[in-house]
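Structure below is protein_39.cif: mmCIF, C-alpha atoms.
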data_upload
loop_
_atom_site.label_atom_id
_atom_site.label_comp_id
_atom_site.auth_asym_id
_atom_site.auth_seq_id
_atom_site.Cartn_x
_atom_site.Cartn_y
_atom_site.Cartn_z
CA MET A 1 0.00 0.00 0.00
CA ASP A 2 1.51 3.38 -0.93
CA THR A 3 1.82 6.24 1.55
CA ALA A 4 -1.17 8.27 0.29
CA ARG A 5 -3.43 5.23 0.22
CA GLU A 6 -2.39 4.25 3.75
CA ALA A 7 -3.08 7.81 4.94
CA ALA A 8 -6.53 7.66 3.34
CA GLU A 9 -7.20 4.32 5.04
CA GLN A 10 -6.20 5.74 8.45
CA LEU A 11 -8.46 8.76 7.91
CA ARG A 12 -11.32 6.42 6.95
CA ILE A 13 -10.86 4.52 10.25
CA ILE A 14 -10.95 7.81 12.18
CA ARG A 15 -14.07 9.03 10.37
CA ASN A 16 -16.00 5.77 10.78
CA LEU A 17 -15.22 5.57 14.49
CA MET A 18 -16.10 9.20 15.08
CA GLU A 19 -19.46 8.73 13.36
CA LYS A 20 -20.14 5.62 15.47
CA ALA A 21 -19.11 7.30 18.70
CA THR A 22 -21.02 10.52 18.31
CA ILE A 23 -24.30 10.38 20.20
CA PHE A 24 -26.46 13.38 19.58
CA ARG A 25 -29.90 14.04 21.02
CA ALA A 26 -31.27 15.67 17.88
CA LEU A 27 -34.60 16.28 19.61
CA THR A 28 -34.72 17.26 23.27
CA GLY A 29 -37.70 16.29 25.43
CA GLU A 30 -38.66 19.97 25.82
CA THR A 31 -38.55 20.59 22.06
CA ALA A 32 -40.69 17.49 21.45
CA LEU A 33 -43.30 18.73 23.96
CA VAL A 34 -43.38 22.25 22.53
CA GLY A 35 -43.42 20.86 18.96
CA GLY A 36 -46.25 18.49 19.84
CA ALA A 37 -48.35 21.22 21.44
CA LEU A 38 -47.74 23.57 18.48
CA ALA A 39 -48.70 20.80 16.04
CA CYS A 40 -52.05 20.41 17.82
CA LEU A 41 -52.54 24.19 17.66
CA ALA A 42 -51.61 24.24 13.95
CA ALA A 43 -54.03 21.36 13.31
CA TRP A 44 -56.84 23.35 14.90
CA ALA A 45 -55.89 26.51 12.95
CA SER A 46 -55.57 24.66 9.60
CA GLU A 47 -58.68 22.47 9.91
CA LYS A 48 -60.75 24.63 7.51
CA LYS A 49 -57.86 25.71 5.25
CA PHE A 50 -56.87 24.16 1.91
CA GLY A 51 -53.97 24.24 -0.55
CA LEU A 52 -50.98 26.46 0.17
CA ALA A 53 -52.88 28.33 2.90
CA TRP A 54 -53.05 25.02 4.78
CA ALA A 55 -49.34 24.32 4.19
CA GLN A 56 -48.42 27.85 5.24
CA ILE A 57 -49.77 27.31 8.77
CA TRP A 58 -47.61 24.20 9.14
CA LEU A 59 -44.53 26.02 7.81
CA ILE A 60 -45.02 28.80 10.37
CA GLY A 61 -45.33 26.15 13.11
CA LEU A 62 -42.14 24.49 11.86
CA ALA A 63 -40.25 27.81 11.92
CA ILE A 64 -41.33 28.45 15.54
CA VAL A 65 -40.27 24.94 16.65
CA LEU A 66 -36.91 25.27 14.85
CA GLY A 67 -36.34 28.61 16.58
CA PHE A 68 -37.13 27.07 19.97
CA HIS A 69 -34.88 24.08 19.21
CA LEU A 70 -31.96 26.35 18.29
CA PHE A 71 -32.46 28.19 21.57
CA GLN A 72 -32.42 24.84 23.40
CA LEU A 73 -29.19 23.78 21.63
CA TRP A 74 -27.59 27.13 22.47
CA ARG A 75 -28.64 26.74 26.13
CA ILE A 76 -27.22 23.18 26.31
CA ALA A 77 -23.98 24.22 24.57
CA ARG A 78 -23.53 27.16 26.95
CA ALA A 79 -23.86 24.87 29.98
CA LYS A 80 -20.95 22.72 28.73
CA GLU A 81 -17.34 23.79 28.96
CA ASN A 82 -16.18 24.83 25.46
CA GLY A 83 -19.60 23.72 24.18
CA ARG A 84 -20.51 24.86 20.68
CA ILE A 85 -23.85 24.62 18.86
CA TRP A 86 -22.18 23.84 15.54
CA ASN A 87 -20.52 20.66 16.73
CA GLN A 88 -19.65 17.33 15.08
CA GLY A 89 -22.95 15.75 16.17
CA LEU A 90 -25.12 18.48 14.66
CA LYS A 91 -23.16 18.43 11.38
CA LEU A 92 -23.58 14.66 11.03
CA VAL A 93 -27.28 14.77 11.84
CA ILE A 94 -27.97 17.54 9.31
CA ARG A 95 -25.92 15.82 6.61
CA CYS A 96 -27.85 12.56 7.02
CA ALA A 97 -31.38 13.86 7.64
CA LEU A 98 -31.48 16.75 5.14
CA PRO A 99 -32.05 14.75 1.89
CA SER A 100 -35.19 13.08 3.23
CA LEU A 101 -36.49 16.27 4.87
CA LEU A 102 -35.99 18.28 1.67
CA ALA A 103 -37.50 15.60 -0.59
CA GLY A 104 -40.54 15.11 1.66
CA GLY A 105 -40.96 18.81 2.38
CA ILE A 106 -40.89 19.93 -1.25
CA THR A 107 -43.06 17.10 -2.64
CA GLY A 108 -45.54 17.68 0.20
CA LEU A 109 -45.77 21.37 -0.70
CA LEU A 110 -46.28 20.55 -4.41
CA VAL A 111 -48.99 18.03 -3.54
CA ALA A 112 -50.71 20.50 -1.18
CA LYS A 113 -51.25 22.99 -4.02
CA THR A 114 -52.31 20.36 -6.58
CA SER A 115 -55.93 19.31 -7.19
CA PHE A 116 -56.76 15.65 -6.72
CA ALA A 117 -60.00 13.71 -7.01
CA HIS A 118 -61.97 13.90 -3.74
CA ASN A 119 -59.72 16.86 -2.73
CA ILE A 120 -57.32 14.60 -0.87
CA ASN A 121 -54.30 16.81 -1.51
CA ARG A 122 -53.97 17.85 2.17
CA GLU A 123 -54.09 14.24 3.27
CA ILE A 124 -51.46 13.09 0.72
CA ALA A 125 -49.19 16.02 1.63
CA ALA A 126 -49.54 15.16 5.33
CA CYS A 127 -48.65 11.51 4.63
CA PHE A 128 -45.55 12.61 2.65
CA TRP A 129 -44.37 14.85 5.48
CA ILE A 130 -45.04 12.23 8.15
CA THR A 131 -43.28 9.43 6.24
CA HIS A 132 -40.26 11.51 5.20
CA TYR A 133 -39.81 12.89 8.70
CA GLY A 134 -39.76 9.28 9.95
CA ILE A 135 -37.22 8.31 7.28
CA ALA A 136 -35.04 11.30 8.31
CA LEU A 137 -35.09 10.08 11.92
CA LEU A 138 -34.12 6.59 10.77
CA ALA A 139 -31.32 8.03 8.60
CA ILE A 140 -29.61 9.35 11.76
CA ARG A 141 -30.11 6.14 13.74
CA GLU A 142 -26.35 5.60 14.17
CA PHE A 143 -25.85 8.86 16.06
CA VAL A 144 -29.00 9.25 18.16
CA PRO A 145 -30.47 7.46 21.19
CA LYS A 146 -32.58 4.36 20.49
CA SER A 147 -35.79 6.13 21.51
CA MET A 148 -35.51 8.33 18.41
CA VAL A 149 -35.30 5.27 16.19
CA TRP A 150 -38.61 4.03 17.64
CA LEU A 151 -40.08 7.49 17.03
CA GLY A 152 -38.85 7.29 13.42
CA TRP A 153 -40.50 3.90 12.89
CA ALA A 154 -43.76 5.18 14.39
CA PHE A 155 -43.84 8.03 11.84
CA VAL A 156 -42.95 5.79 8.88
CA ILE A 157 -45.52 3.11 9.76
CA PHE A 158 -48.26 5.66 10.42
CA GLY A 159 -47.48 7.67 7.26
CA VAL A 160 -47.37 4.65 4.96
CA PHE A 161 -50.50 3.15 6.53
CA CYS A 162 -52.50 6.38 6.06
CA LEU A 163 -51.26 6.88 2.49
CA SER A 164 -52.13 3.33 1.49
CA SER A 165 -55.53 3.68 3.20
CA LEU A 166 -56.24 6.80 1.13
CA PHE A 167 -55.67 4.93 -2.11
CA THR A 168 -57.18 1.58 -1.23
CA MET A 169 -60.33 2.47 0.69
CA ASP A 170 -63.56 2.31 -1.27
CA HIS A 171 -65.08 5.26 0.55
CA VAL A 172 -62.29 7.84 0.86
CA GLU A 173 -64.80 10.54 1.79
CA HIS A 174 -65.88 8.52 4.83
CA PHE A 175 -62.23 8.15 5.93
CA MET A 176 -61.64 11.88 5.49
CA MET A 177 -64.70 12.82 7.52
CA LYS A 178 -62.85 11.42 10.50
CA LEU A 179 -59.18 11.90 9.62
CA ASN A 180 -58.30 14.83 7.37
CA GLY A 181 -54.76 16.11 6.73
CA SER A 182 -54.74 18.36 9.79
CA ARG A 183 -55.84 15.54 12.08
CA LEU A 184 -53.23 13.16 10.65
CA MET A 185 -50.60 15.81 11.41
CA ALA A 186 -52.02 16.32 14.90
CA ILE A 187 -51.87 12.59 15.68
CA SER A 188 -48.30 12.17 14.42
CA PHE A 189 -46.42 15.46 14.87
CA GLY A 190 -48.62 16.35 17.86
CA GLY A 191 -49.35 13.06 19.61
CA PHE A 192 -46.15 11.12 18.89
CA HIS A 193 -43.94 14.07 19.86
CA MET A 194 -45.84 14.73 23.08
CA ILE A 195 -45.59 11.06 24.12
CA TYR A 196 -41.88 11.04 23.21
CA GLY A 197 -41.22 14.36 25.00
CA ALA A 198 -43.12 13.29 28.13
CA LEU A 199 -41.15 10.01 28.28
CA ILE A 200 -37.79 11.77 27.83
CA VAL A 201 -38.53 14.52 30.38
CA THR A 202 -39.89 12.13 33.04
CA THR A 203 -37.04 9.64 32.51
CA LYS A 204 -34.48 12.45 32.90
CA GLN A 205 -36.17 13.60 36.11
CA ARG A 206 -36.16 10.01 37.44
CA GLU A 207 -32.44 9.67 36.66
CA SER A 208 -31.68 13.00 38.42
CA ALA A 209 -33.68 11.94 41.46
CA ASN A 210 -31.69 8.69 41.68
CA ASP A 211 -28.31 10.46 41.49
CA MET B 212 8.41 15.64 1.33
CA ILE B 213 6.31 14.36 4.21
CA ASP B 214 6.23 10.63 4.77
CA PHE B 215 5.12 8.14 7.37
CA SER B 216 8.42 8.39 9.30
CA LYS B 217 7.13 11.75 10.60
CA LEU B 218 3.95 10.18 11.94
CA ASP B 219 3.61 9.46 15.64
CA LYS B 220 4.47 5.74 15.90
CA ILE B 221 2.41 5.37 19.07
CA ILE B 222 -0.80 6.52 17.38
CA HIS B 223 0.01 4.97 14.01
CA GLU B 224 -1.26 1.53 14.97
CA LYS B 225 -4.84 0.62 14.11
CA GLY B 226 -5.85 -0.38 17.66
CA ARG B 227 -4.34 2.67 19.35
CA LEU B 228 -5.59 5.00 16.59
CA SER B 229 -9.10 3.64 17.20
CA ILE B 230 -8.82 4.21 20.96
CA MET B 231 -7.53 7.77 20.46
CA THR B 232 -10.35 8.49 17.97
CA LEU B 233 -13.03 7.35 20.39
CA LEU B 234 -11.52 9.34 23.24
CA VAL B 235 -11.32 12.50 21.12
CA SER B 236 -14.90 12.10 19.82
CA ARG B 237 -16.63 12.78 23.15
CA ALA B 238 -15.99 15.27 25.91
CA GLU B 239 -17.04 12.73 28.58
CA PRO B 240 -14.63 10.04 29.85
CA TRP B 241 -14.99 6.51 28.42
CA ALA B 242 -15.45 3.46 30.64
CA PHE B 243 -13.25 0.44 29.87
CA GLN B 244 -16.28 -1.73 29.04
CA ASP B 245 -17.65 0.86 26.61
CA LEU B 246 -14.33 1.09 24.78
CA LYS B 247 -14.15 -2.71 24.62
CA GLN B 248 -17.67 -2.98 23.25
CA GLN B 249 -17.20 -0.23 20.67
CA LEU B 250 -13.82 -1.52 19.45
CA ASP B 251 -14.56 -5.24 19.70
CA MET B 252 -11.16 -5.93 21.31
CA SER B 253 -10.16 -8.52 23.91
CA ASP B 254 -9.47 -7.31 27.48
CA GLY B 255 -5.73 -8.10 27.16
CA ASN B 256 -5.35 -6.35 23.83
CA LEU B 257 -7.19 -3.23 25.00
CA ILE B 258 -5.23 -3.05 28.29
CA THR B 259 -1.91 -3.32 26.40
CA HIS B 260 -2.82 -0.46 24.05
CA LEU B 261 -4.16 1.69 26.91
CA ARG B 262 -0.92 1.15 28.85
CA THR B 263 1.17 2.20 25.85
CA LEU B 264 -0.90 5.38 25.45
CA ASP B 265 -0.76 6.03 29.19
CA THR B 266 3.04 5.65 29.26
CA ALA B 267 3.29 8.18 26.42
CA GLY B 268 1.26 10.61 28.54
CA TYR B 269 -1.64 10.67 26.08
CA LEU B 270 -4.26 9.42 28.55
CA LYS B 271 -5.71 10.29 31.90
CA THR B 272 -7.39 7.60 33.93
CA GLU B 273 -9.58 7.47 36.99
CA LYS B 274 -10.58 4.43 39.04
CA HIS B 275 -14.07 4.43 40.48
CA THR B 276 -14.87 2.17 43.40
CA GLY B 277 -18.45 2.24 44.51
CA ASP B 278 -20.94 -0.33 45.69
CA GLY B 279 -20.83 -2.17 42.36
CA ARG B 280 -17.90 -3.38 40.25
CA PRO B 281 -14.86 -1.09 40.21
CA GLN B 282 -14.63 0.82 36.95
CA THR B 283 -11.83 2.69 35.21
CA THR B 284 -12.57 5.62 32.95
CA TYR B 285 -10.24 7.15 30.36
CA TRP B 286 -9.97 10.48 28.60
CA LEU B 287 -7.32 12.28 26.55
CA SER B 288 -4.72 14.48 28.19
CA LYS B 289 -3.70 17.79 26.61
CA THR B 290 -0.58 16.08 25.25
CA GLY B 291 -2.78 13.35 23.77
CA LYS B 292 -5.08 15.85 22.06
CA LYS B 293 -2.09 17.72 20.64
CA ALA B 294 -0.51 14.49 19.40
CA PHE B 295 -3.78 13.40 17.75
CA ASP B 296 -4.21 16.79 16.03
CA GLY B 297 -0.61 16.63 14.81
CA TYR B 298 -1.12 13.10 13.52
CA LEU B 299 -4.27 14.14 11.64
CA SER B 300 -2.64 17.16 10.04
CA ILE B 301 0.28 15.04 8.76
CA LEU B 302 -2.18 12.51 7.27
CA GLU B 303 -4.00 15.35 5.52
CA LYS B 304 -0.73 16.78 4.19
CA ILE B 305 0.25 13.37 2.81
CA LEU B 306 -3.10 13.15 1.02
CA ASP B 307 -2.78 16.70 -0.34
CA ILE B 308 0.63 15.89 -1.81
CA GLY B 309 -0.69 12.65 -3.32
CA ARG B 310 -3.44 14.51 -5.23
#

Is it possible to express this structure as structure tokens?
Amino acid sequence: MDTAREAAEQLRIIRNLMEKATIFRALTGETALVGGALACLAAWASEKKFGLAWAQIWLIGLAIVLGFHLFQLWRIARAKENGRIWNQGLKLVIRCALPSLLAGGITGLLVAKTSFAHNINREIAACFWITHYGIALLAIREFVPKSMVWLGWAFVIFGVFCLSSLFTMDHVEHFMMKLNGSRLMAISFGGFHMIYGALIVTTKQRESAND
Amino acid sequence: MIDFSKLDKIIHEKGRLSIMTLLVSRAEPWAFQDLKQQLDMSDGNLITHLRTLDTAGYLKTEKHTGDGRPQTTYWLSKTGKKAFDGYLSILEKILDIGR
């Protein structure tokens, strides 16, 4: 093996190990709770909206949650000695999750403004967002706690199940009377996140009490 | 021209390079069992490499004795961090020259 190739091999070992060793809580319990509550609020606000007006409410909700999450990351980084927000963990997570988030986000927006039979565009867009968000969580499975992998699977299973139900049910209108796009988002982004956040926050408190 | 003779011989061994990489990747100290699990090394092999790094002054260790099993944790010393950074920069230089 020549010198340059051996150097590349050593760097590959370093990179692989660093990726394996970096554990990053991409979603804190507090962010999950706030995100879940905001999703329920957005679902209520978007219930009677359609097309891009419907999507706009969810984008505003997303921007607020991202802002809160950045504040949380800054707070956590400040508490650590030499802690930085833009650290190795965050870079890895963004690099792995971004393709799925962008693909799902953009296709969801395009679907939201398109006209479909039975006006199921909101529902399809919601399923795209739910499924792709789940895939993004699974894409970062190597660097995040196991609980986030379960959260990812919950989103993927729910998203795929709802999407297939939309296309296979004989009476789509009946299905939509009960579960429209806003309610699907409320169950997943609202309900799943609140359950996840409550579990993380209570587990952390239990651990602190035992210390 | 830079070559491998300039590389730190202590770090330039796959097992020790792996240990140093894990230690540098997290701010928190690593327990012996966690290192063993992550690197898939035998106890004897891991202890030998840790001793070599410790003798070179690259490691800091702490023994914890509580109610349960005694545990040793490891983290990089300032000398260790400097040596690892130096090792990385020489690897990068070698690759730059090779391009």

Return as a tab-separated table (two decimals) with C-alpha atoms, in the frame of the given file the set of residues that the PyMOL selection byres ((chain B and resi 273) around 9) yields on the displayed structure.
chain	number	residue	atom	x	y	z
B	271	LYS	CA	-5.71	10.29	31.90
B	272	THR	CA	-7.39	7.60	33.93
B	274	LYS	CA	-10.58	4.43	39.04
B	275	HIS	CA	-14.07	4.43	40.48
B	282	GLN	CA	-14.63	0.82	36.95
B	283	THR	CA	-11.83	2.69	35.21
B	284	THR	CA	-12.57	5.62	32.95
B	285	TYR	CA	-10.24	7.15	30.36
B	286	TRP	CA	-9.97	10.48	28.60

message: Show me, as an NGL selection string, the residues that have an atom within 12 Å of range 108-116 of chain A when counting only C-alpha atoms, minus same-chain residues fewer than 5 positions from it.
response: :A and (49-59 or 100-103 or 121-133 or 166-167 or 181-182)

Could those selected residues go to a file with C-alpha atoms, as a PDB file, keeping the file's coordinate frame?
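Final file, result.pdb:
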ATOM      1  CA  LYS A  49     -57.860  25.710   5.250  1.00  0.00           C
ATOM      2  CA  PHE A  50     -56.870  24.160   1.910  1.00  0.00           C
ATOM      3  CA  GLY A  51     -53.970  24.240  -0.550  1.00  0.00           C
ATOM      4  CA  LEU A  52     -50.980  26.460   0.170  1.00  0.00           C
ATOM      5  CA  ALA A  53     -52.880  28.330   2.900  1.00  0.00           C
ATOM      6  CA  TRP A  54     -53.050  25.020   4.780  1.00  0.00           C
ATOM      7  CA  ALA A  55     -49.340  24.320   4.190  1.00  0.00           C
ATOM      8  CA  GLN A  56     -48.420  27.850   5.240  1.00  0.00           C
ATOM      9  CA  ILE A  57     -49.770  27.310   8.770  1.00  0.00           C
ATOM     10  CA  TRP A  58     -47.610  24.200   9.140  1.00  0.00           C
ATOM     11  CA  LEU A  59     -44.530  26.020   7.810  1.00  0.00           C
ATOM     12  CA  SER A 100     -35.190  13.080   3.230  1.00  0.00           C
ATOM     13  CA  LEU A 101     -36.490  16.270   4.870  1.00  0.00           C
ATOM     14  CA  LEU A 102     -35.990  18.280   1.670  1.00  0.00           C
ATOM     15  CA  ALA A 103     -37.500  15.600  -0.590  1.00  0.00           C
ATOM     16  CA  ASN A 121     -54.300  16.810  -1.510  1.00  0.00           C
ATOM     17  CA  ARG A 122     -53.970  17.850   2.170  1.00  0.00           C
ATOM     18  CA  GLU A 123     -54.090  14.240   3.270  1.00  0.00           C
ATOM     19  CA  ILE A 124     -51.460  13.090   0.720  1.00  0.00           C
ATOM     20  CA  ALA A 125     -49.190  16.020   1.630  1.00  0.00           C
ATOM     21  CA  ALA A 126     -49.540  15.160   5.330  1.00  0.00           C
ATOM     22  CA  CYS A 127     -48.650  11.510   4.630  1.00  0.00           C
ATOM     23  CA  PHE A 128     -45.550  12.610   2.650  1.00  0.00           C
ATOM     24  CA  TRP A 129     -44.370  14.850   5.480  1.00  0.00           C
ATOM     25  CA  ILE A 130     -45.040  12.230   8.150  1.00  0.00           C
ATOM     26  CA  THR A 131     -43.280   9.430   6.240  1.00  0.00           C
ATOM     27  CA  HIS A 132     -40.260  11.510   5.200  1.00  0.00           C
ATOM     28  CA  TYR A 133     -39.810  12.890   8.700  1.00  0.00           C
ATOM     29  CA  LEU A 166     -56.240   6.800   1.130  1.00  0.00           C
ATOM     30  CA  PHE A 167     -55.670   4.930  -2.110  1.00  0.00           C
ATOM     31  CA  GLY A 181     -54.760  16.110   6.730  1.00  0.00           C
ATOM     32  CA  SER A 182     -54.740  18.360   9.790  1.00  0.00           C
TER      33      SER A 182
END

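Selected on chain A by distance to chain B: A:Ala4, A:Ala7, A:Ile14, A:Met18 (within 6 Å, counting all atoms listed in the file).
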
- request: Could you state which residues are captured by the PyMOL selection byres ((chain B and resi 293-296) around 8) in this file, as a count of residues only?
  value: 12

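If you look at CA of Leu92 in chain A and CA of Glu19 in chain A, they are 7.6 Å away from each other.
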
- request: Kindly give the distance, in Å, that separates CA of Gly104 in chain A and CA of Ala198 in chain A, rounded to a single decimal.
  value: 26.7 Å

task: Run the PyMOL selection byres ((chain A and resi 154) around 12) mentally over the shown coordinates, then write out the matched residues as number ranges by chain, using the chain letters and numbers from the document.
output: A: 130-135, 137-138, 147-153, 155-161, 187-189, 191-193, 195-196

Which centre and edge lengths in Å to one decimal define the box along x, y and z that fits every listed atom of range 55-73 of chain A plus 6 Å per side, as JSON?
{"center_x": -39.5, "center_y": 26.3, "center_z": 13.8, "size_x": 32.6, "size_y": 17.0, "size_z": 31.2}

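Between CA of Val93 in chain A and CA of Ile140 in chain A the separation is 5.9 Å.
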
- prompt: Near Ala37 in chain A, counting only C-alpha atoms, which residues have an atom at most 12 Å away, once you skip same-chain residues fewer than 3 positions from it, shown as a PyMOL selection string?
  reply: chain A and resi 30-34+40-44+61-62+64-65+185-195+197-198

Suppose we keep C-alpha atoms; can you now write the selection as a PDB file, in the frame of the given file?
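Result file selection31.pdb:
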ATOM      1  CA  GLU A  30     -38.660  19.970  25.820  1.00  0.00           C
ATOM      2  CA  THR A  31     -38.550  20.590  22.060  1.00  0.00           C
ATOM      3  CA  ALA A  32     -40.690  17.490  21.450  1.00  0.00           C
ATOM      4  CA  LEU A  33     -43.300  18.730  23.960  1.00  0.00           C
ATOM      5  CA  VAL A  34     -43.380  22.250  22.530  1.00  0.00           C
ATOM      6  CA  CYS A  40     -52.050  20.410  17.820  1.00  0.00           C
ATOM      7  CA  LEU A  41     -52.540  24.190  17.660  1.00  0.00           C
ATOM      8  CA  ALA A  42     -51.610  24.240  13.950  1.00  0.00           C
ATOM      9  CA  ALA A  43     -54.030  21.360  13.310  1.00  0.00           C
ATOM     10  CA  TRP A  44     -56.840  23.350  14.900  1.00  0.00           C
ATOM     11  CA  GLY A  61     -45.330  26.150  13.110  1.00  0.00           C
ATOM     12  CA  LEU A  62     -42.140  24.490  11.860  1.00  0.00           C
ATOM     13  CA  ILE A  64     -41.330  28.450  15.540  1.00  0.00           C
ATOM     14  CA  VAL A  65     -40.270  24.940  16.650  1.00  0.00           C
ATOM     15  CA  MET A 185     -50.600  15.810  11.410  1.00  0.00           C
ATOM     16  CA  ALA A 186     -52.020  16.320  14.900  1.00  0.00           C
ATOM     17  CA  ILE A 187     -51.870  12.590  15.680  1.00  0.00           C
ATOM     18  CA  SER A 188     -48.300  12.170  14.420  1.00  0.00           C
ATOM     19  CA  PHE A 189     -46.420  15.460  14.870  1.00  0.00           C
ATOM     20  CA  GLY A 190     -48.620  16.350  17.860  1.00  0.00           C
ATOM     21  CA  GLY A 191     -49.350  13.060  19.610  1.00  0.00           C
ATOM     22  CA  PHE A 192     -46.150  11.120  18.890  1.00  0.00           C
ATOM     23  CA  HIS A 193     -43.940  14.070  19.860  1.00  0.00           C
ATOM     24  CA  MET A 194     -45.840  14.730  23.080  1.00  0.00           C
ATOM     25  CA  ILE A 195     -45.590  11.060  24.120  1.00  0.00           C
ATOM     26  CA  GLY A 197     -41.220  14.360  25.000  1.00  0.00           C
ATOM     27  CA  ALA A 198     -43.120  13.290  28.130  1.00  0.00           C
TER      28      ALA A 198
END

message: Applying 10 Å and all atoms listed in the file, which residues near Gln72 in chain A remain after dropping the ones on its own chain fewer than 2 positions away? List them as a ChimeraX atom specification.
response: /A:27-28,30-31,66-70,74-78,85

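Nearest-residue note for Leu163 in chain A: choosing from A:Val201, A:Ile120, A:Leu73, A:Ile13, the minimum distance belongs to A:Ile120, counting only C-alpha atoms.
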
statement: Across A:Arg15, A:Asn180, A:Ser46, A:Leu38, the smallest distance to Asn119 in chain A, with all atoms listed in the file counted, is shown by A:Asn180
